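Peer 1: Coordinates in data26.pdb, PDB, C-alpha atoms, are listed below.
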ATOM      1  CA  MET A   1      79.377 164.194  62.070
ATOM      2  CA  VAL A   2      80.240 162.134  59.060
ATOM      3  CA  ALA A   3      83.690 162.270  57.487
ATOM      4  CA  LYS A   4      84.300 161.745  53.788
ATOM      5  CA  THR A   5      87.057 159.551  52.364
ATOM      6  CA  ALA A   6      89.077 160.094  49.187
ATOM      7  CA  GLN A   7      86.539 158.127  47.110
ATOM      8  CA  GLY A   8      83.632 160.048  48.513
ATOM      9  CA  HIS A   9      82.304 157.325  50.814
ATOM     10  CA  SER A  10      81.355 158.341  54.279
ATOM     11  CA  LEU A  11      82.825 156.572  57.354
ATOM     12  CA  THR A  12      80.051 155.209  59.472
ATOM     13  CA  PHE A  13      79.968 154.435  63.166
ATOM     14  CA  THR A  14      80.736 150.745  62.638
ATOM     15  CA  SER A  15      83.959 151.404  60.762
ATOM     16  CA  ARG A  16      85.086 153.799  63.500
ATOM     17  CA  ALA A  17      84.266 151.152  66.086
ATOM     18  CA  ALA A  18      86.259 148.585  64.117
ATOM     19  CA  VAL A  19      89.300 150.864  64.003
ATOM     20  CA  LEU A  20      88.954 151.561  67.719
ATOM     21  CA  GLY A  21      88.595 147.818  68.424
ATOM     22  CA  LEU A  22      91.700 146.989  66.381
ATOM     23  CA  THR A  23      93.620 149.690  68.210
ATOM     24  CA  LEU A  24      92.535 148.323  71.580
ATOM     25  CA  CYS A  25      93.467 144.776  70.525
ATOM     26  CA  ALA A  26      96.888 145.987  69.434
ATOM     27  CA  VAL A  27      97.418 147.711  72.794
ATOM     28  CA  VAL A  28      96.283 144.618  74.718
ATOM     29  CA  LEU A  29      98.573 142.384  72.670
ATOM     30  CA  MET A  30     101.503 144.746  73.248
ATOM     31  CA  LEU A  31     100.900 144.685  77.008
ATOM     32  CA  ALA A  32     100.221 140.932  77.327
ATOM     33  CA  TYR A  33     103.852 139.761  77.246
ATOM     34  CA  PRO A  34     105.163 142.317  79.776
ATOM     35  CA  ALA A  35     102.239 141.501  82.086
ATOM     36  CA  LYS A  36     103.050 137.789  81.798
ATOM     37  CA  GLN A  37     106.692 138.522  82.634
ATOM     38  CA  TYR A  38     105.648 140.631  85.623
ATOM     39  CA  VAL A  39     103.430 137.891  87.048
ATOM     40  CA  GLY A  40     106.152 135.278  86.493
ATOM     41  CA  GLN A  41     108.740 137.434  88.233
ATOM     42  CA  ARG A  42     106.438 138.042  91.201
ATOM     43  CA  SER A  43     105.889 134.296  91.652
ATOM     44  CA  ALA A  44     109.648 133.656  91.382
ATOM     45  CA  ILE A  45     110.295 136.346  94.007
ATOM     46  CA  SER A  46     107.753 134.844  96.395
ATOM     47  CA  ALA A  47     109.269 131.367  95.921
ATOM     48  CA  ALA A  48     112.745 132.752  96.613
ATOM     49  CA  GLN A  49     111.508 134.522  99.746
ATOM     50  CA  SER A  50     109.892 131.306 100.973
ATOM     51  CA  GLN A  51     113.129 129.402 100.383
ATOM     52  CA  GLN A  52     115.070 132.132 102.184
ATOM     53  CA  HIS A  53     112.808 131.831 105.254
ATOM     54  CA  GLN A  54     113.293 128.055 105.279
ATOM     55  CA  LEU A  55     117.066 128.427 105.036
ATOM     56  CA  GLU A  56     117.086 130.997 107.837
ATOM     57  CA  ALA A  57     115.170 128.580 110.068
ATOM     58  CA  GLN A  58     117.625 125.802 109.182
ATOM     59  CA  ILE A  59     120.570 128.106 109.975
ATOM     60  CA  ALA A  60     119.050 128.927 113.371
ATOM     61  CA  GLN A  61     118.564 125.218 114.140
ATOM     62  CA  LEU A  62     122.112 124.339 113.083
ATOM     63  CA  THR A  63     123.500 127.207 115.148
ATOM     64  CA  GLN A  64     121.722 125.846 118.220
ATOM     65  CA  GLU A  65     123.017 122.324 117.529
ATOM     66  CA  HIS A  66     126.543 123.661 117.103
ATOM     67  CA  ALA A  67     126.341 125.596 120.358
ATOM     68  CA  ALA A  68     125.093 122.479 122.169
ATOM     69  CA  ALA A  69     127.754 120.252 120.600
ATOM     70  CA  THR A  70     130.624 122.569 121.482
ATOM     71  CA  SER A  71     129.713 122.960 125.137
ATOM     72  CA  PRO A  72     132.324 121.424 127.464
ATOM     73  CA  ALA A  73     129.760 119.156 129.132
ATOM     74  CA  GLN A  74     128.642 117.734 125.789
ATOM     75  CA  ILE A  75     132.236 117.191 124.658
ATOM     76  CA  GLU A  76     132.997 115.334 127.879
ATOM     77  CA  ALA A  77     129.876 113.176 127.538
ATOM     78  CA  GLN A  78     130.729 112.279 123.946
ATOM     79  CA  ALA A  79     134.334 111.455 124.895
ATOM     80  CA  ARG A  80     133.134 109.112 127.620
ATOM     81  CA  ALA A  81     130.523 107.422 125.435
ATOM     82  CA  GLN A  82     132.430 107.041 122.177
ATOM     83  CA  LEU A  83     136.095 107.033 123.166
ATOM     84  CA  HIS A  84     135.746 105.398 126.613
ATOM     85  CA  TYR A  85     137.591 108.248 128.316
ATOM     86  CA  THR A  86     137.498 108.391 132.096
ATOM     87  CA  LEU A  87     138.304 111.032 134.655
ATOM     88  CA  PRO A  88     141.431 110.620 136.737
ATOM     89  CA  GLY A  89     140.819 108.228 139.625
ATOM     90  CA  THR A  90     137.929 106.339 138.028
ATOM     91  CA  ARG A  91     137.980 102.871 136.503
ATOM     92  CA  ASN A  92     136.435 101.998 133.228
ATOM     93  CA  TYR A  93     135.016  98.514 132.714
ATOM     94  CA  ILE A  94     133.989  97.100 129.366
ATOM     95  CA  VAL A  95     131.992  93.896 129.443
ATOM     96  CA  VAL A  96     132.516  91.759 126.398
ATOM     97  CA  THR A  97     129.991  89.019 125.782
ATOM     98  CA  PRO A  98     131.345  85.855 124.228
ATOM     99  CA  ALA A  99     130.404  85.428 120.634
ATOM    100  CA  THR A 100     128.472  82.297 119.800
ATOM    101  CA  PRO A 101     130.106  80.453 116.921
ATOM    102  CA  LYS A 102     127.883  79.965 113.932
ATOM    103  CA  LYS A 103     127.427  76.477 112.670
ATOM    104  CA  PRO A 104     127.861  76.311 108.945
ATOM    105  CA  SER A 105     124.779  74.912 107.399
ATOM    106  CA  ALA A 106     125.378  71.905 105.200
ATOM    107  CA  VAL A 107     123.668  70.423 102.224
ATOM    108  CA  ARG A 108     123.333  66.671 101.987
ATOM    109  CA  ALA A 109     124.309  65.395  98.544
ATOM    110  CA  GLY A 110     124.133  61.646  98.293
ATOM    111  CA  ASN A 111     126.491  60.142 100.883
ATOM    112  CA  ALA A 112     128.553  63.326 101.279
ATOM    113  CA  THR A 113     127.745  66.394 103.312
ATOM    114  CA  VAL A 114     128.715  69.574 101.465
ATOM    115  CA  PRO A 115     128.802  72.875 103.366
ATOM    116  CA  SER A 116     126.646  75.609 101.925
ATOM    117  CA  ASN A 117     128.058  78.882 100.663
ATOM    118  CA  PRO A 118     128.169  81.160 103.742
ATOM    119  CA  ASP A 119     130.732  83.614 102.350
ATOM    120  CA  GLY A 120     129.225  83.955  98.864
ATOM    121  CA  THR A 121     132.217  82.840  96.794
ATOM    122  CA  TRP A 122     131.719  81.906  93.170
ATOM    123  CA  TYR A 123     132.891  78.347  93.624
ATOM    124  CA  GLY A 124     130.622  77.894  96.641
ATOM    125  CA  THR A 125     127.684  79.120  94.597
ATOM    126  CA  LEU A 126     128.640  76.723  91.801
ATOM    127  CA  LEU A 127     128.894  73.802  94.186
ATOM    128  CA  GLN A 128     125.627  74.695  95.891
ATOM    129  CA  SER A 129     123.781  74.976  92.596
ATOM    130  CA  ASP A 130     125.206  71.644  91.495
ATOM    131  CA  THR A 131     124.064  69.897  94.667
ATOM    132  CA  THR A 132     120.582  71.411  94.538
ATOM    133  CA  ALA A 133     120.247  70.491  90.859
ATOM    134  CA  GLY A 134     121.135  66.890  91.644
ATOM    135  CA  GLN A 135     118.316  66.535  94.166
TER     136      GLN A 135
END
Give the structure from the file, written as structure tokens.
Peer 2:
Amino acid sequence: MVAKTAQGHSLTFTSRAAVLGLTLCAVVLMLAYPAKQYVGQRSAISAAQSQQHQLEAQIAQLTQEHAAATSPAQIEAQARAQLHYTLPGTRNYIVVTPATPKKPSAVRAGNATVPSNPDGTWYGTLLQSDTTAGQ
């Protein structure tokens, strides 16, 4: 079955195959972008579902922590520990240890003893750098 063109040439099998191949390429190219969009949307949906599961687990954990923190026993324990509350009839003792005074370290500059810069002031830094430069 050979068809004739307007000039009288016959279309052969290879030219029909070329037309069919071009048609298939055109169809594939037309479907490539929507397929890419579909795959991208599916991966975005799976990422969103994963994030939703993580957030649901976090909500469940925070709900448990809230329930534990609002129980009367926990409130009483926190009041005793942080605010030093006591029940009626009990005595609360706080033991304060004496603070040991810090000796300011001193730098020896010639015959004078110059205290170092414990508080970090600008003039203390200047004086300290001057005494260390003179050594």
Peer 1: What does the distance from CA of Pro34 (chain A) to CA of Ser46 (chain A) come to in Å, to one decimal?
Peer 2: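 Interatomic distance, CA of Pro34 (chain A) to CA of Ser46 (chain A): 18.4 Å.
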Peer 1: Could you tell me how far CA of Ala68 (chain A) lies from CA of His84 (chain A), in Å and to one decimal?
Peer 2: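 Interatomic distance, CA of Ala68 (chain A) to CA of His84 (chain A): 20.6 Å.
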Peer 1: Expressed in Å to a single decimal, how great is the separation between CA of Ala77 (chain A) and CA of Gln61 (chain A)?
Peer 2: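 Rounded to one decimal, the two atoms are 21.3 Å apart.
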Peer 1: Which one of A:Ala44, A:Asp130, A:Arg80, A:Thr121 sits closest to Asn92 (chain A) if you count all atoms listed in the file?
Peer 2: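 Going through A:Ala44, A:Asp130, A:Arg80, A:Thr121 one by one, the smallest distance to Asn92 (chain A) is for A:Arg80.
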Peer 1: Which residue gives the smallest distance to Ala81 (chain A) among A:Ala60, A:Ile94, A:Thr14, A:Gly21, with all atoms listed in the file counted?
Peer 2: A:Ile94
Peer 1: Just region 45-101 of chain A from the block, C-alpha atoms, as a PDB file, in the first residue's frame, could you?
Peer 2:
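Saved file decode_20.pdb follows:
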ATOM      1  CA  ILE A  45       2.119  15.802  49.972  1.00  0.00           C
ATOM      2  CA  SER A  46       4.182  13.032  51.552  1.00  0.00           C
ATOM      3  CA  ALA A  47       6.473  15.601  53.215  1.00  0.00           C
ATOM      4  CA  ALA A  48       3.448  17.468  54.573  1.00  0.00           C
ATOM      5  CA  GLN A  49       1.948  14.236  55.909  1.00  0.00           C
ATOM      6  CA  SER A  50       5.233  13.372  57.620  1.00  0.00           C
ATOM      7  CA  GLN A  51       5.363  16.823  59.210  1.00  0.00           C
ATOM      8  CA  GLN A  52       1.740  16.460  60.309  1.00  0.00           C
ATOM      9  CA  HIS A  53       2.515  13.145  62.054  1.00  0.00           C
ATOM     10  CA  GLN A  54       5.471  14.743  63.844  1.00  0.00           C
ATOM     11  CA  LEU A  55       3.340  17.677  64.978  1.00  0.00           C
ATOM     12  CA  GLU A  56       0.606  15.337  66.205  1.00  0.00           C
ATOM     13  CA  ALA A  57       3.166  13.436  68.284  1.00  0.00           C
ATOM     14  CA  GLN A  58       4.482  16.727  69.689  1.00  0.00           C
ATOM     15  CA  ILE A  59       0.920  17.827  70.537  1.00  0.00           C
ATOM     16  CA  ALA A  60       0.313  14.544  72.373  1.00  0.00           C
ATOM     17  CA  GLN A  61       3.547  14.965  74.361  1.00  0.00           C
ATOM     18  CA  LEU A  62       2.747  18.573  75.263  1.00  0.00           C
ATOM     19  CA  THR A  63      -0.771  17.595  76.302  1.00  0.00           C
ATOM     20  CA  GLN A  64       0.661  15.001  78.683  1.00  0.00           C
ATOM     21  CA  GLU A  65       3.141  17.530  80.101  1.00  0.00           C
ATOM     22  CA  HIS A  66       0.351  20.056  80.585  1.00  0.00           C
ATOM     23  CA  ALA A  67      -1.823  17.506  82.360  1.00  0.00           C
ATOM     24  CA  ALA A  68       1.081  16.579  84.652  1.00  0.00           C
ATOM     25  CA  ALA A  69       1.961  20.218  85.348  1.00  0.00           C
ATOM     26  CA  THR A  70      -1.591  21.208  86.234  1.00  0.00           C
ATOM     27  CA  SER A  71      -2.185  18.398  88.702  1.00  0.00           C
ATOM     28  CA  PRO A  72      -2.625  19.665  92.279  1.00  0.00           C
ATOM     29  CA  ALA A  73       0.238  17.518  93.580  1.00  0.00           C
ATOM     30  CA  GLN A  74       2.646  18.924  90.998  1.00  0.00           C
ATOM     31  CA  ILE A  75       1.552  22.499  91.716  1.00  0.00           C
ATOM     32  CA  GLU A  76       2.124  21.955  95.429  1.00  0.00           C
ATOM     33  CA  ALA A  77       5.559  20.426  94.821  1.00  0.00           C
ATOM     34  CA  GLN A  78       6.598  23.323  92.592  1.00  0.00           C
ATOM     35  CA  ALA A  79       5.332  25.873  95.136  1.00  0.00           C
ATOM     36  CA  ARG A  80       7.379  24.236  97.872  1.00  0.00           C
ATOM     37  CA  ALA A  81      10.527  23.947  95.760  1.00  0.00           C
ATOM     38  CA  GLN A  82      10.543  27.311  94.004  1.00  0.00           C
ATOM     39  CA  LEU A  83       8.547  29.620  96.264  1.00  0.00           C
ATOM     40  CA  HIS A  84       9.434  28.020  99.630  1.00  0.00           C
ATOM     41  CA  TYR A  85       5.776  27.597 100.561  1.00  0.00           C
ATOM     42  CA  THR A  86       4.964  25.434 103.558  1.00  0.00           C
ATOM     43  CA  LEU A  87       1.829  23.811 104.866  1.00  0.00           C
ATOM     44  CA  PRO A  88       0.230  25.243 107.976  1.00  0.00           C
ATOM     45  CA  GLY A  89       1.997  23.990 111.097  1.00  0.00           C
ATOM     46  CA  THR A  90       5.336  23.232 109.440  1.00  0.00           C
ATOM     47  CA  ARG A  91       8.547  25.230 109.660  1.00  0.00           C
ATOM     48  CA  ASN A  92      10.687  26.090 106.736  1.00  0.00           C
ATOM     49  CA  TYR A  93      14.441  26.407 107.211  1.00  0.00           C
ATOM     50  CA  ILE A  94      16.798  27.884 104.657  1.00  0.00           C
ATOM     51  CA  VAL A  95      20.485  27.342 105.271  1.00  0.00           C
ATOM     52  CA  VAL A  96      22.631  30.094 103.879  1.00  0.00           C
ATOM     53  CA  THR A  97      26.319  29.367 103.524  1.00  0.00           C
ATOM     54  CA  PRO A  98      28.636  32.292 104.108  1.00  0.00           C
ATOM     55  CA  ALA A  99      30.162  33.645 100.974  1.00  0.00           C
ATOM     56  CA  THR A 100      33.931  33.623 100.839  1.00  0.00           C
ATOM     57  CA  PRO A 101      35.249  37.049  99.897  1.00  0.00           C
TER      58      PRO A 101
END
